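S.K.: model_12.pdb is reproduced below (PDB, C-alpha atoms).
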ATOM      1  CA  MET I   1    -115.318   7.907  -6.361
ATOM      2  CA  ALA I   2    -112.465   7.027  -8.625
ATOM      3  CA  ALA I   3    -108.950   7.041  -7.164
ATOM      4  CA  PRO I   4    -106.669   9.817  -8.482
ATOM      5  CA  PHE I   5    -104.261   8.838 -11.185
ATOM      6  CA  VAL I   6    -100.641   9.215  -9.947
ATOM      7  CA  VAL I   7     -97.716   9.206 -12.325
ATOM      8  CA  PHE I   8     -94.240   8.336 -10.879
ATOM      9  CA  ARG I   9     -91.401  10.075 -12.714
ATOM     10  CA  PRO I  10     -87.677   9.419 -12.193
ATOM     11  CA  ILE I  11     -86.022  12.135 -10.198
ATOM     12  CA  SER I  12     -83.219  13.961 -12.004
ATOM     13  CA  PRO I  13     -79.830  13.889 -10.284
ATOM     14  CA  SER I  14     -79.877  17.676 -10.149
ATOM     15  CA  TYR I  15     -82.718  17.488  -7.728
ATOM     16  CA  VAL I  16     -81.086  15.120  -5.299
ATOM     17  CA  PRO I  17     -80.489  17.045  -2.053
ATOM     18  CA  SER I  18     -76.943  16.980  -0.693
ATOM     19  CA  LEU I  19     -76.595  14.957   2.438
ATOM     20  CA  PRO I  20     -74.690  16.437   5.401
ATOM     21  CA  SER I  21     -71.170  15.099   5.694
ATOM     22  CA  VAL I  22     -70.680  12.854   8.683
ATOM     23  CA  PRO I  23     -67.194  12.899  10.189
ATOM     24  CA  PRO I  24     -65.604   9.500  10.586
ATOM     25  CA  PRO I  25     -65.428   8.192  14.107
ATOM     26  CA  GLU I  26     -62.439   9.486  16.007
ATOM     27  CA  ASN I  27     -59.988   7.290  17.809
ATOM     28  CA  HIS I  28     -57.324   8.155  20.303
ATOM     29  CA  HIS I  29     -54.616   8.047  17.594
ATOM     30  CA  THR I  30     -56.109  10.744  15.349
ATOM     31  CA  ALA I  31     -58.068  12.855  17.805
ATOM     32  CA  GLY I  32     -55.026  14.770  19.070
ATOM     33  CA  PHE I  33     -53.760  15.693  15.596
ATOM     34  CA  ARG I  34     -57.289  16.732  14.446
ATOM     35  CA  ARG I  35     -57.799  18.905  17.472
ATOM     36  CA  ARG I  36     -54.419  20.515  16.851
ATOM     37  CA  ARG I  37     -55.402  21.373  13.321
ATOM     38  CA  CYS I  38     -58.814  22.682  14.384
ATOM     39  CA  GLY I  39     -57.418  24.712  17.222
ATOM     40  CA  GLY I  40     -55.810  27.551  15.273
ATOM     41  CA  GLY I  41     -55.427  25.779  11.913
ATOM     42  CA  PHE I  42     -52.627  23.854  10.235
ATOM     43  CA  GLY I  43     -50.649  27.037   9.677
ATOM     44  CA  ARG I  44     -49.838  27.329  13.370
ATOM     45  CA  TRP I  45     -48.424  23.781  13.483
ATOM     46  CA  ARG I  46     -46.269  24.482  10.432
ATOM     47  CA  ALA I  47     -44.981  27.724  11.938
ATOM     48  CA  MET I  48     -44.048  25.850  15.092
ATOM     49  CA  VAL I  49     -41.870  23.417  13.059
ATOM     50  CA  GLN I  50     -40.194  26.282  11.216
ATOM     51  CA  GLN I  51     -39.447  28.022  14.476
ATOM     52  CA  GLN I  52     -37.805  24.897  15.901
ATOM     53  CA  THR I  53     -35.657  24.507  12.764
ATOM     54  CA  PHE I  54     -34.609  28.138  12.936
ATOM     55  CA  GLN I  55     -33.652  27.789  16.579
ATOM     56  CA  GLY I  56     -31.514  24.725  15.774
ATOM     57  CA  THR I  57     -29.730  26.572  12.978
ATOM     58  CA  SER I  58     -29.074  29.517  15.272
ATOM     59  CA  ALA I  59     -27.516  27.240  17.886
ATOM     60  CA  SER I  60     -25.185  25.682  15.280
ATOM     61  CA  TYR I  61     -24.239  29.100  13.966
ATOM     62  CA  ALA I  62     -23.503  30.384  17.471
ATOM     63  CA  LYS I  63     -21.315  27.339  18.217
ATOM     64  CA  GLU I  64     -19.381  27.820  14.986
ATOM     65  CA  MET I  65     -18.821  31.490  15.760
ATOM     66  CA  GLU I  66     -17.580  30.519  19.229
ATOM     67  CA  ARG I  67     -15.124  28.040  17.679
ATOM     68  CA  LEU I  68     -13.746  30.590  15.214
ATOM     69  CA  SER I  69     -13.399  33.134  18.000
ATOM     70  CA  SER I  70     -11.528  30.599  20.148
ATOM     71  CA  LYS I  71      -9.110  29.863  17.276
ATOM     72  CA  GLU I  72      -8.352  33.534  16.793
ATOM     73  CA  SER I  73      -7.933  34.012  20.530
ATOM     74  CA  LEU I  74      -5.415  31.139  20.700
ATOM     75  CA  LEU I  75      -3.333  32.486  17.811
ATOM     76  CA  LEU I  76      -3.252  35.918  19.448
ATOM     77  CA  ALA I  77      -2.112  34.293  22.706
ATOM     78  CA  PHE I  78       0.826  32.690  20.844
ATOM     79  CA  LYS I  79       1.810  36.109  19.522
ATOM     80  CA  ASP I  80       1.500  37.744  22.939
ATOM     81  CA  ALA I  81       3.714  35.001  24.434
ATOM     82  CA  GLY I  82       6.513  35.787  21.988
ATOM     83  CA  GLY I  83       5.933  33.003  19.513
ATOM     84  CA  PHE I  84       8.109  30.000  18.741
ATOM     85  CA  GLN I  85      11.468  31.687  19.360
ATOM     86  CA  SER I  86      10.452  32.854  22.829
ATOM     87  CA  LEU I  87       9.208  29.368  23.678
ATOM     88  CA  ILE I  88      12.401  27.504  22.700
ATOM     89  CA  GLY I  89      14.541  30.185  24.318
ATOM     90  CA  GLY I  90      12.814  29.758  27.678
ATOM     91  CA  LYS I  91      11.587  33.375  27.691
ATOM     92  CA  THR I  92       7.868  32.562  27.928
ATOM     93  CA  THR I  93       6.544  33.514  31.371
ATOM     94  CA  GLU I  94       4.403  31.316  33.582
ATOM     95  CA  MET I  95       1.438  33.662  33.142
ATOM     96  CA  GLN I  96       1.752  33.463  29.364
ATOM     97  CA  ARG I  97       1.906  29.658  29.503
ATOM     98  CA  ILE I  98      -1.215  29.503  31.662
ATOM     99  CA  ASP I  99      -3.029  31.865  29.317
ATOM    100  CA  VAL I 100      -2.134  29.773  26.263
ATOM    101  CA  HIS I 101      -3.097  26.501  27.968
ATOM    102  CA  GLU I 102      -6.443  27.950  29.024
ATOM    103  CA  ARG I 103      -7.208  28.899  25.434
ATOM    104  CA  ILE I 104      -6.068  25.481  24.190
ATOM    105  CA  VAL I 105      -8.540  23.762  26.517
ATOM    106  CA  GLY I 106     -11.298  26.121  25.388
ATOM    107  CA  LEU I 107     -10.698  25.250  21.738
ATOM    108  CA  GLU I 108     -10.457  21.505  22.391
ATOM    109  CA  ARG I 109     -13.949  21.650  23.872
ATOM    110  CA  LEU I 110     -15.242  22.735  20.437
ATOM    111  CA  ASN I 111     -13.479  20.028  18.395
ATOM    112  CA  PRO I 112     -15.504  19.588  15.156
ATOM    113  CA  THR I 113     -13.853  16.287  14.125
ATOM    114  CA  PRO I 114     -15.029  13.261  16.161
ATOM    115  CA  ARG I 115     -12.585  10.793  14.509
ATOM    116  CA  PRO I 116      -9.440  12.817  13.757
ATOM    117  CA  THR I 117      -7.076   9.843  13.344
ATOM    118  CA  THR I 118      -8.847   8.805  10.116
ATOM    119  CA  SER I 119      -9.826  12.273   8.912
ATOM    120  CA  PRO I 120      -8.447  13.547   5.563
ATOM    121  CA  PHE I 121      -7.653  16.824   7.353
ATOM    122  CA  LEU I 122      -4.796  15.067   9.170
ATOM    123  CA  GLU I 123      -2.603  14.817   6.083
ATOM    124  CA  GLY I 124      -0.511  17.763   4.960
ATOM    125  CA  ARG I 125       2.299  20.008   6.174
ATOM    126  CA  TRP I 126       1.978  21.528   9.639
ATOM    127  CA  ASN I 127       4.002  24.162  11.472
ATOM    128  CA  PHE I 128       4.724  23.890  15.204
ATOM    129  CA  GLU I 129       3.393  26.932  17.055
ATOM    130  CA  TRP I 130       3.516  25.572  20.604
ATOM    131  CA  PHE I 131       4.787  22.508  22.450
ATOM    132  CA  GLY I 132       4.471  21.392  26.045
ATOM    133  CA  ALA I 133       7.259  20.955  28.562
ATOM    134  CA  GLY I 134       7.142  17.154  28.254
ATOM    135  CA  SER I 135       7.122  17.062  24.464
ATOM    136  CA  PRO I 136      10.108  15.475  22.634
ATOM    137  CA  VAL I 137      10.309  18.716  20.650
ATOM    138  CA  SER I 138      10.824  20.660  23.878
ATOM    139  CA  PHE I 139      13.485  18.221  25.069
ATOM    140  CA  ALA I 140      15.442  18.456  21.816
ATOM    141  CA  ALA I 141      15.210  22.250  21.754
ATOM    142  CA  ARG I 142      16.478  22.570  25.324
ATOM    143  CA  PHE I 143      19.283  20.045  24.754
ATOM    144  CA  MET I 144      20.569  21.671  21.574
ATOM    145  CA  PHE I 145      19.987  25.385  22.076
ATOM    146  CA  GLU I 146      19.367  26.403  25.683
ATOM    147  CA  ARG I 147      23.078  26.187  26.506
ATOM    148  CA  SER I 148      24.246  27.932  23.343
ATOM    149  CA  PRO I 149      24.010  31.622  22.455
ATOM    150  CA  ALA I 150      21.767  32.506  19.523
ATOM    151  CA  THR I 151      24.797  33.637  17.513
ATOM    152  CA  LEU I 152      26.247  30.121  17.714
ATOM    153  CA  ALA I 153      23.190  27.932  17.111
ATOM    154  CA  ASN I 154      19.545  28.721  16.495
ATOM    155  CA  LEU I 155      16.411  26.724  15.700
ATOM    156  CA  LEU I 156      14.596  28.742  13.055
ATOM    157  CA  GLY I 157      11.472  26.641  12.859
ATOM    158  CA  LEU I 158       9.907  23.224  13.071
ATOM    159  CA  ASP I 159       7.341  21.684  10.731
ATOM    160  CA  MET I 160       5.837  18.257  10.138
ATOM    161  CA  LEU I 161       4.565  16.506   7.014
ATOM    162  CA  ILE I 162       1.976  13.743   7.498
ATOM    163  CA  LYS I 163       1.426  11.487   4.507
ATOM    164  CA  ASP I 164       0.424   7.836   3.963
ATOM    165  CA  GLY I 165       0.820   6.805   7.600
ATOM    166  CA  TYR I 166       4.225   8.444   8.092
ATOM    167  CA  SER I 167       5.335  11.779   9.493
ATOM    168  CA  LYS I 168       8.511  13.690   8.711
ATOM    169  CA  VAL I 169       9.515  16.379  11.202
ATOM    170  CA  THR I 170      11.921  18.978   9.830
ATOM    171  CA  ALA I 171      14.026  21.200  12.092
ATOM    172  CA  ASN I 172      15.549  24.202  10.326
ATOM    173  CA  LEU I 173      18.906  24.993  11.966
ATOM    174  CA  LYS I 174      21.345  27.853  11.659
ATOM    175  CA  PHE I 175      24.899  27.975  13.006
ATOM    176  CA  LEU I 176      27.119  31.068  13.330
ATOM    177  CA  ASN I 177      24.425  33.075  11.527
ATOM    178  CA  SER I 178      25.787  31.765   8.228
ATOM    179  CA  ILE I 179      25.519  27.974   8.066
ATOM    180  CA  GLU I 180      22.061  26.530   7.498
ATOM    181  CA  SER I 181      21.130  22.891   7.830
ATOM    182  CA  LYS I 182      18.136  20.656   8.398
ATOM    183  CA  PHE I 183      17.476  17.683  10.618
ATOM    184  CA  LEU I 184      14.703  15.374   9.435
ATOM    185  CA  LEU I 185      13.053  12.841  11.711
ATOM    186  CA  THR I 186      10.900  10.179  10.041
ATOM    187  CA  THR I 187       8.314   8.305  12.125
ATOM    188  CA  LYS I 188       5.644   5.725  11.441
ATOM    189  CA  LEU I 189       2.088   6.432  12.596
ATOM    190  CA  SER I 190      -0.369   3.709  13.600
ATOM    191  CA  VAL I 191      -4.049   4.296  14.363
ATOM    192  CA  GLU I 192      -4.999   3.007  17.815
ATOM    193  CA  GLY I 193      -8.495   4.490  18.099
ATOM    194  CA  PRO I 194     -10.707   7.412  17.020
ATOM    195  CA  THR I 195      -8.362   9.916  18.707
ATOM    196  CA  ARG I 196      -5.303   7.847  19.709
ATOM    197  CA  MET I 197      -2.209   7.070  17.635
ATOM    198  CA  LYS I 198       1.186   5.440  18.110
ATOM    199  CA  GLU I 199       4.384   6.986  16.774
ATOM    200  CA  GLU I 200       7.554   4.954  16.135
ATOM    201  CA  TYR I 201      10.858   6.608  15.187
ATOM    202  CA  ILE I 202      12.330   5.242  11.937
ATOM    203  CA  GLU I 203      15.250   7.421  10.858
ATOM    204  CA  GLY I 204      17.076  10.664  11.523
ATOM    205  CA  HIS I 205      18.839  12.567   8.767
ATOM    206  CA  PHE I 206      21.223  15.516   9.009
ATOM    207  CA  GLU I 207      21.340  17.269   5.650
ATOM    208  CA  THR I 208      24.586  18.723   4.349
ATOM    209  CA  PRO I 209      24.893  22.321   5.568
ATOM    210  CA  THR I 210      24.661  25.152   3.085
ATOM    211  CA  VAL I 211      26.891  28.132   3.683
ATOM    212  CA  SER I 212      26.302  31.734   2.663
ATOM    213  CA  GLU I 213      29.770  33.149   1.956
ATOM    214  CA  GLU I 214      28.496  36.718   2.265
ATOM    215  CA  ALA I 215      27.419  36.050   5.836
ATOM    216  CA  ILE I 216      30.730  34.511   6.923
ATOM    217  CA  PRO I 217      32.866  36.870   9.004
ATOM    218  CA  ALA I 218      35.969  38.081   7.160
ATOM    219  CA  GLN I 219      38.323  36.410   9.649
ATOM    220  CA  LEU I 220      36.714  32.990   8.946
ATOM    221  CA  ARG I 221      36.570  33.101   5.158
ATOM    222  CA  GLY I 222      40.099  31.713   4.789
ATOM    223  CA  VAL I 223      39.242  28.721   6.975
ATOM    224  CA  PHE I 224      36.046  28.141   5.012
ATOM    225  CA  GLY I 225      37.980  28.137   1.734
ATOM    226  CA  GLN I 226      40.458  25.590   3.063
ATOM    227  CA  ALA I 227      37.629  23.329   4.259
ATOM    228  CA  ALA I 228      35.961  23.493   0.835
ATOM    229  CA  ASP I 229      39.223  22.524  -0.878
ATOM    230  CA  ALA I 230      39.763  19.632   1.539
ATOM    231  CA  ARG I 231      36.276  18.341   0.807
ATOM    232  CA  GLN I 232      36.974  18.198  -2.903
ATOM    233  CA  GLN I 233      40.090  16.089  -2.260
ATOM    234  CA  LEU I 234      38.165  13.382  -0.385
ATOM    235  CA  PRO I 235      37.624   9.987  -2.049
ATOM    236  CA  ALA I 236      34.430   9.796  -4.106
ATOM    237  CA  PRO I 237      32.501   7.534  -1.642
ATOM    238  CA  LEU I 238      33.253   9.855   1.284
ATOM    239  CA  ARG I 239      32.505  12.924  -0.796
ATOM    240  CA  ASP I 240      29.124  11.466  -1.819
ATOM    241  CA  THR I 241      28.358  10.540   1.767
ATOM    242  CA  PHE I 242      29.113  14.056   2.904
ATOM    243  CA  ALA I 243      26.996  15.499   0.076
ATOM    244  CA  ASN I 244      24.006  13.312   0.981
ATOM    245  CA  GLY I 245      24.205  14.072   4.681
ATOM    246  CA  LEU I 246      24.309  11.790   7.685
ATOM    247  CA  LYS I 247      21.548   9.213   8.265
ATOM    248  CA  LEU I 248      20.854   7.702  11.673
ATOM    249  CA  PRO I 249      18.781   4.478  11.866
ATOM    250  CA  LEU I 250      16.369   4.799  14.787
ATOM    251  CA  SER I 251      14.077   1.790  14.376
ATOM    252  CA  GLY I 252      13.210   0.281  17.732
ATOM    253  CA  THR I 253      14.761   3.117  19.725
ATOM    254  CA  PHE I 254      11.744   5.208  20.693
ATOM    255  CA  GLN I 255       7.979   5.168  20.418
ATOM    256  CA  ARG I 256       5.145   7.020  22.094
ATOM    257  CA  LEU I 257       1.350   7.180  22.272
ATOM    258  CA  PHE I 258      -0.485  10.432  21.735
ATOM    259  CA  MET I 259      -4.038  11.613  21.205
ATOM    260  CA  ILE I 260      -5.445  14.203  18.816
ATOM    261  CA  SER I 261      -7.637  16.458  20.918
ATOM    262  CA  TYR I 262      -8.517  18.921  18.154
ATOM    263  CA  LEU I 263      -8.427  18.898  14.352
ATOM    264  CA  ASP I 264      -9.891  21.074  11.651
ATOM    265  CA  GLU I 265      -8.672  22.383   8.306
ATOM    266  CA  GLU I 266      -6.281  24.861   9.979
ATOM    267  CA  ILE I 267      -5.260  23.714  13.487
ATOM    268  CA  LEU I 268      -4.019  20.412  14.933
ATOM    269  CA  ILE I 269      -3.630  19.840  18.694
ATOM    270  CA  ILE I 270      -1.804  16.755  19.987
ATOM    271  CA  ARG I 271      -1.399  15.657  23.609
ATOM    272  CA  ASP I 272       1.126  13.052  24.732
ATOM    273  CA  SER I 273       0.654  10.526  27.537
ATOM    274  CA  ALA I 274       1.633  13.163  30.113
ATOM    275  CA  GLY I 275      -0.951  15.617  28.742
ATOM    276  CA  ALA I 276       1.577  18.067  27.229
ATOM    277  CA  PRO I 277      -0.013  19.803  24.207
ATOM    278  CA  ASP I 278       1.583  20.451  20.822
ATOM    279  CA  VAL I 279      -0.279  22.984  18.670
ATOM    280  CA  LEU I 280       0.334  23.090  14.917
ATOM    281  CA  THR I 281      -1.062  25.270  12.153
ATOM    282  CA  ARG I 282      -1.381  24.179   8.550
ATOM    283  CA  LEU I 283       1.206  25.415   6.070
ATOM    284  CA  ASP I 284      -0.626  24.320   2.919
ATOM    285  CA  GLY I 285      -4.228  23.776   1.900
ATOM    286  CA  PRO I 286      -6.131  20.753   3.267
ATOM    287  CA  PRO I 287      -6.159  17.766   0.910
ATOM    288  CA  ALA I 288      -9.391  16.908  -0.863
ATOM    289  CA  PRO I 289     -10.855  13.661   0.527
ATOM    290  CA  SER I 290     -10.615  10.816  -1.972
ATOM    291  CA  PRO I 291     -12.022   7.303  -1.521
ATOM    292  CA  MET I 292      -9.127   5.962  -3.616
ATOM    293  CA  ASP I 293      -6.474   7.474  -1.327
ATOM    294  CA  PRO I 294      -7.296   6.816   2.337
ATOM    295  CA  VAL I 295      -5.346   8.679   4.992
ATOM    296  CA  ILE I 296      -4.420   5.847   7.332
ATOM    297  CA  SER I 297      -5.903   2.404   7.628
ATOM    298  CA  GLU I 298      -8.809   2.150  10.039
ATOM    299  CA  TYR I 299      -8.099   0.881  13.509
ATOM    300  CA  GLU I 300      -9.455  -2.416  14.752
ATOM    301  CA  SER I 301     -11.572  -2.345  17.878
TER
END
Take the structure in this file and express it as structure tokens.

M.R.:
Amino acid sequence: MAAPFVVFRPISPSYVPSLPSVPPPENHHTAGFRRRRCGGGFGRWRAMVQQQTFQGTSASYAKEMERLSSKESLLLAFKDAGGFQSLIGGKTTEMQRIDVHERIVGLERLNPTPRPTTSPFLEGRWNFEWFGAGSPVSFAARFMFERSPATLANLLGLDMLIKDGYSKVTANLKFLNSIESKFLLTTKLSVEGPTRMKEEYIEGHFETPTVSEEAIPAQLRGVFGQAADARQQLPAPLRDTFANGLKLPLSGTFQRLFMISYLDEEILIIRDSAGAPDVLTRLDGPPAPSPMDPVISEYES
């Protein structure tokens, strides 16, 4: 019997059966991630990351709201204590001082600037809102005004300009409710660390008083006129000296260390070596940071 004739034809690719996919062998590095994706899908893992990010944002937002609330609370405490005039006049009560100090500590805890001594926020003009009992500002205020009635001498305000490593403190004075003058104290600032600085007194300057004739009592106007005439008869060098005010060289007379415990775009808190706090609020807008105009040279560790 003849063997059957068999014809072998090439199999078309369309007829090739698909082979089952074989997963690659797992190892201990990839098994955990693959099981995480299989157990509930990749969407659950992504949602978990989004939830963690949202929680972190909420915590930052809550901390920022706490800081803003603490700032507002401190400013209200200044107002309740009678403000600057009550402080220099010795009318602030012990309870009011404790309340203000408590709020100062609460705000310092939320300081957003880790290196305030080299921050661009440090430069600008600041107004003194509060000063501690050991502050040089407090000493000067007590020495000049505590023993004098307000009608004789009064400290209207105190502000400070920080620029290019120097500070200029300006005291606005008023005598007899009619004579206004300014005392300017220039100091040099040196960076000693991320929060610590050294202040050295350079010069004091009493500006020539300006007099409002309308505010002078009638019985004193004759004396004022005589004094003005006598001034005009002075020799030119003395007249120019009087017009430019009186300058006091203070180099090498006094220096102090202080630390910046809080700084943002609106509030500056300074503590001296005894821990007495000075609180200042900004009078102008914060300067824009510029790499070409550094605030103060970096300290050396």

S.K.: By how many Å are atom CA of I:Leu122 and atom CA of I:Leu110 apart?

M.R.: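 Answer for the atom CA of I:Leu122 to atom CA of I:Leu110 separation: 17.2 Å.
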
S.K.: So which residues are close to (1.6, 14.1, 8.8), meaning at most 9 Å away in the file's coordinates with only C-alpha atoms counted, and can you show them as a list in words?

M.R.: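 Taken together, the residues in range are Leu122, Glu123, Gly124, Arg125, Trp126, Met160, Leu161, Ile162, Lys163, Asp164, Gly165, Tyr166, Ser167, Lys168, Val169 and Leu189 of chain I.
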
S.K.: For a cutoff of 12 Å around the file-coordinate point (2.8, 36.5, 22.6), which residues qualify once you count all atoms listed in the file? I'd like the result as number ranges by chain.

M.R.: I: 73-87, 91-93, 95-97, 99-100, 129-130

S.K.: For I:Gly275, which residue among I:Phe175, I:Phe131, I:Phe254, I:Phe121 is the nearest when counting only C-alpha atoms?

M.R.: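 Checking each candidate against I:Gly275, we get I:Phe131 as the closest.
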
S.K.: Which residues, written as a PyMOL selection string, have at least one atom at most 12 Å from I:Arg271, with all atoms listed in the file counted and residues fewer than 2 positions away on the same chain left out?

M.R.: chain I and resi 101+104-105+108+130-136+195-198+256-262+268-269+273-280

S.K.: What lies within 10 Å of stretch 205-207 of chain I using only C-alpha atoms, ignoring chain neighbours under 5 positions off, as a ChimeraX atom specification?

M.R.: /I:170-171,180-186,242-249

S.K.: Write out, as a PDB file, keeping the file's coordinate frame, the residues just selected, with C-alpha atoms.

M.R.:
ATOM      1  CA  THR I 170      11.921  18.978   9.830  1.00  0.00           C
ATOM      2  CA  ALA I 171      14.026  21.200  12.092  1.00  0.00           C
ATOM      3  CA  GLU I 180      22.061  26.530   7.498  1.00  0.00           C
ATOM      4  CA  SER I 181      21.130  22.891   7.830  1.00  0.00           C
ATOM      5  CA  LYS I 182      18.136  20.656   8.398  1.00  0.00           C
ATOM      6  CA  PHE I 183      17.476  17.683  10.618  1.00  0.00           C
ATOM      7  CA  LEU I 184      14.703  15.374   9.435  1.00  0.00           C
ATOM      8  CA  LEU I 185      13.053  12.841  11.711  1.00  0.00           C
ATOM      9  CA  THR I 186      10.900  10.179  10.041  1.00  0.00           C
ATOM     10  CA  PHE I 242      29.113  14.056   2.904  1.00  0.00           C
ATOM     11  CA  ALA I 243      26.996  15.499   0.076  1.00  0.00           C
ATOM     12  CA  ASN I 244      24.006  13.312   0.981  1.00  0.00           C
ATOM     13  CA  GLY I 245      24.205  14.072   4.681  1.00  0.00           C
ATOM     14  CA  LEU I 246      24.309  11.790   7.685  1.00  0.00           C
ATOM     15  CA  LYS I 247      21.548   9.213   8.265  1.00  0.00           C
ATOM     16  CA  LEU I 248      20.854   7.702  11.673  1.00  0.00           C
ATOM     17  CA  PRO I 249      18.781   4.478  11.866  1.00  0.00           C
TER      18      PRO I 249
END

S.K.: For I:Ser119, which of I:Asp284, I:Glu200, I:Asp264, I:Asp272 is the closest residue, counting only C-alpha atoms?

M.R.: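 Result for the nearest residue to I:Ser119: I:Asp264.
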
S.K.: To one decimal place, how far is atom CA of I:Glu64 from atom CA of I:Ile98 in Å?

M.R.: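 Atom CA of I:Ile98 lies 24.7 Å from atom CA of I:Glu64.
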
S.K.: What's around I:Thr281 at 6 Å? Count all atoms listed in the file, leave out sequence neighbours fewer than 2 positions away in its own chain, and write the answer as a list of chain:residue names.

M.R.: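 Contacts, in chain order: I:Trp126, I:Asn127, I:Glu266, I:Ile267.
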
S.K.: Output the residue selection produced by the PyMOL selection byres ((chain I and resi 253) around 10) on the file above, formatted as an NGL selection string.

M.R.: :I and (200-203 or 249-252 or 254-255)

S.K.: Can I get the selected residues back with C-alpha atoms, as an mmCIF file, in the coordinates of the input?

M.R.:
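Result went into result-v6.cif, see below:
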data_model
loop_
_atom_site.group_PDB
_atom_site.id
_atom_site.type_symbol
_atom_site.label_atom_id
_atom_site.label_comp_id
_atom_site.auth_asym_id
_atom_site.auth_seq_id
_atom_site.Cartn_x
_atom_site.Cartn_y
_atom_site.Cartn_z
ATOM 1 C CA GLU I 200 7.554 4.954 16.135
ATOM 2 C CA TYR I 201 10.858 6.608 15.187
ATOM 3 C CA ILE I 202 12.330 5.242 11.937
ATOM 4 C CA GLU I 203 15.250 7.421 10.858
ATOM 5 C CA PRO I 249 18.781 4.478 11.866
ATOM 6 C CA LEU I 250 16.369 4.799 14.787
ATOM 7 C CA SER I 251 14.077 1.790 14.376
ATOM 8 C CA GLY I 252 13.210 0.281 17.732
ATOM 9 C CA PHE I 254 11.744 5.208 20.693
ATOM 10 C CA GLN I 255 7.979 5.168 20.418
#

S.K.: In terms of the shortest atom-to-atom distance over only C-alpha atoms, which of I:Ile270, I:Leu156, I:Glu94, I:Arg67 is closest to I:Pro112?

M.R.: I:Arg67

S.K.: May I ask for the distance between atom CA of I:Arg282 and atom CA of I:Tyr61, given in Å to one decimal place?

M.R.: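 One can read the atom CA of I:Arg282 to atom CA of I:Tyr61 distance as 24.0 Å.
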
S.K.: Quick one: of I:Gly106, I:Gly204, I:Gly157, I:Pro120, who's nearest to I:Thr187, counting all atoms listed in the file?

M.R.: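 The shortest atom-to-atom distance to I:Thr187 comes from I:Gly204.
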
S.K.: From the set I:Lys71, I:Ser190, I:Ile179, I:Arg103, which residue has the shortest atom-to-atom contact distance to I:Leu263, counting all atoms listed in the file?

M.R.: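 Closest to I:Leu263, using all atoms listed in the file: I:Lys71.
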